[in-house]
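To start, the structure itself, in structure tokens.
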Amino acid sequence: MRYLHAPEIFDGVRHLTEHALAVEDGRLKAIVPLKDAPAAERLDGTILPGFVDLQVNGGGGVLFNEETTVEGLRTIAEAHARTGTTHILPTLITDTPDKVRAAIDAVEQAVAQGVPGIVGLHLEGPHLSLARKGAHDPALIRPMTEADAAVLTDAAARLPNLKVTIAPESVPLDMVHRLVRAGVILSLGHTDCSYETACAYFDAGVRCATHLFNAMSQMGNRAPGIVGAILDRPDVSAGIIADGIHVHTAALRIALNAHKEQGALFLVTDAMPPVGSDITEYVLNGRRVLRRDGRLTLEDGTLAGADLDMPTALKVLDGIGVPRIRALAMATCLPARLLKAPGNAGHFKPGDRFDGIRLDPEGRFVPL
């Protein structure tokens, strides 16, 4: 039995001091008072569950769109594991129907082979709005067809978790109802829809929004847009890219203060191939993406994902005064809460596989 103690332990629910984790054969046996932990290893910093990231486009020099294979997934997951992220939804950006099917097959195979960290799939498109396409290839954005809906329904039965980002402009409500019944986790994103339309889709079972503020209709005094709908709905979660580039830190602070449900906003990295590598550019749908000064952009300056990891995002939250327990929850249990089959993601539970990590006092990831 190995006992691990740090001044701060976050178990996915509670902030604990003077406690230790009892770990044996790779599983968490118990969380015990420090006085009951003989010869506990005393570590500095914070012990917490591994990070959960529901929007990972790439890592380790690999873009999922370009290497839609089990080996590509393994490389991406290993790159993020080196930053403390132990559970990811590899994310396919808008692409062809054949590439969507290949992504579903690759994730199914990776899960069957037990590739560490792969807990499902996130399809970000292609059923988005051209008006809010961002870095997505406009030639590949298209309305959802009956054949597309059938592919997604089948995929939801084959994968532990299937998240799909859609725009109301490309997906009618009747298809939303069908996908929700099939177990697809739907998220609104890359949309110019109104507040009223967004609320209608949330009422229909859409549970989430993709990268709050980015590629969506903004909040005005007479037209609250989808941003206003997200912040007004306590039953809706939203990922947010906290890199200080995609979202101004003031807007991030305002959103965290405004949301009626304090636990509904969570961190995503929207990470691209440079995370965990030293590459300076890569190709997305035939277009060059440049890595410069912490930004990833197309040659015209359009942001194209993020050069971000979870420890860096937590430092941004700390810098704007987000309470510690809320910040840690945003990187662990809150994204896990959205998953249909979370397993041991985002929390410590006796009997589960132990995927804990440590942050040193400066917030840097340290393997346990």
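Here, A, B, ... name the chains of the structure tokens in the order displayed, residue numbers run from 1 inside each chain, and ligands are numbered from 1 in the same displayed order.
Non-sequential neighbours of Gln55 of chain A (distance at most 6 Å, separation of 6 or more positions within a chain, only C-alpha atoms) are Leu89, Thr91, Val268 and Asp270 of chain A.
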How close does each residue of segment 48-106 of chain A get to segment 9-12 of chain A, giving the shortest atom pair and distance in Å to one decimal for every residue with an atom at most 10 Å away, counting only C-alpha atoms, sorted by chain and residue number, as JSON lines?
```
{"residue": "A:Leu48", "atom": "CA", "partner": "A:Phe10", "partner_atom": "CA", "distance": 4.9}
{"residue": "A:Pro49", "atom": "CA", "partner": "A:Asp11", "partner_atom": "CA", "distance": 6.5}
{"residue": "A:Gly50", "atom": "CA", "partner": "A:Gly12", "partner_atom": "CA", "distance": 9.9}
```
Taking 5 positions as the minimum chain separation for residues in the same chain, which residues sit within 12 Å of segment 295-301 of chain A when counting only C-alpha atoms? Answer as JSON, numbers by chain.
{"A": [134, 135, 136, 137, 243, 244, 245, 246, 270, 271, 272, 273, 274, 275, 279, 280, 281, 282, 283, 284, 285, 286, 287, 288, 289, 290, 306, 307, 308]}
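Distance-wise, atom CA of Thr145 of chain A and atom CA of Ser129 of chain A end up 15.0 Å apart.
Every protein or nucleic acid residue with an atom no more than 9 Å from Gly84 of chain A, counting only C-alpha atoms and leaving out same-chain residues fewer than 2 positions away, appears here: Gly50, Phe51, His80, Ala81, Arg82, Thr86, Asp309, Met310, Pro311, Gly356, Ile357, Arg358, Leu359, Phe365, Val366 and Pro367 of chain A.
Distance annotation: of A:Thr165, A:Asn214, A:Thr17, A:Thr249, the residue with the minimal separation from Lys315 of chain A is A:Thr249; atom set is only C-alpha atoms.
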Where in segment 68-316 of chain A does DSSP assign strand (DSSP E), given as a PyMOL selection string?
chain A and resi 85-93+121-124+162-166+185-188+208-209+237-240+265-267+281-284+287-292+295-298
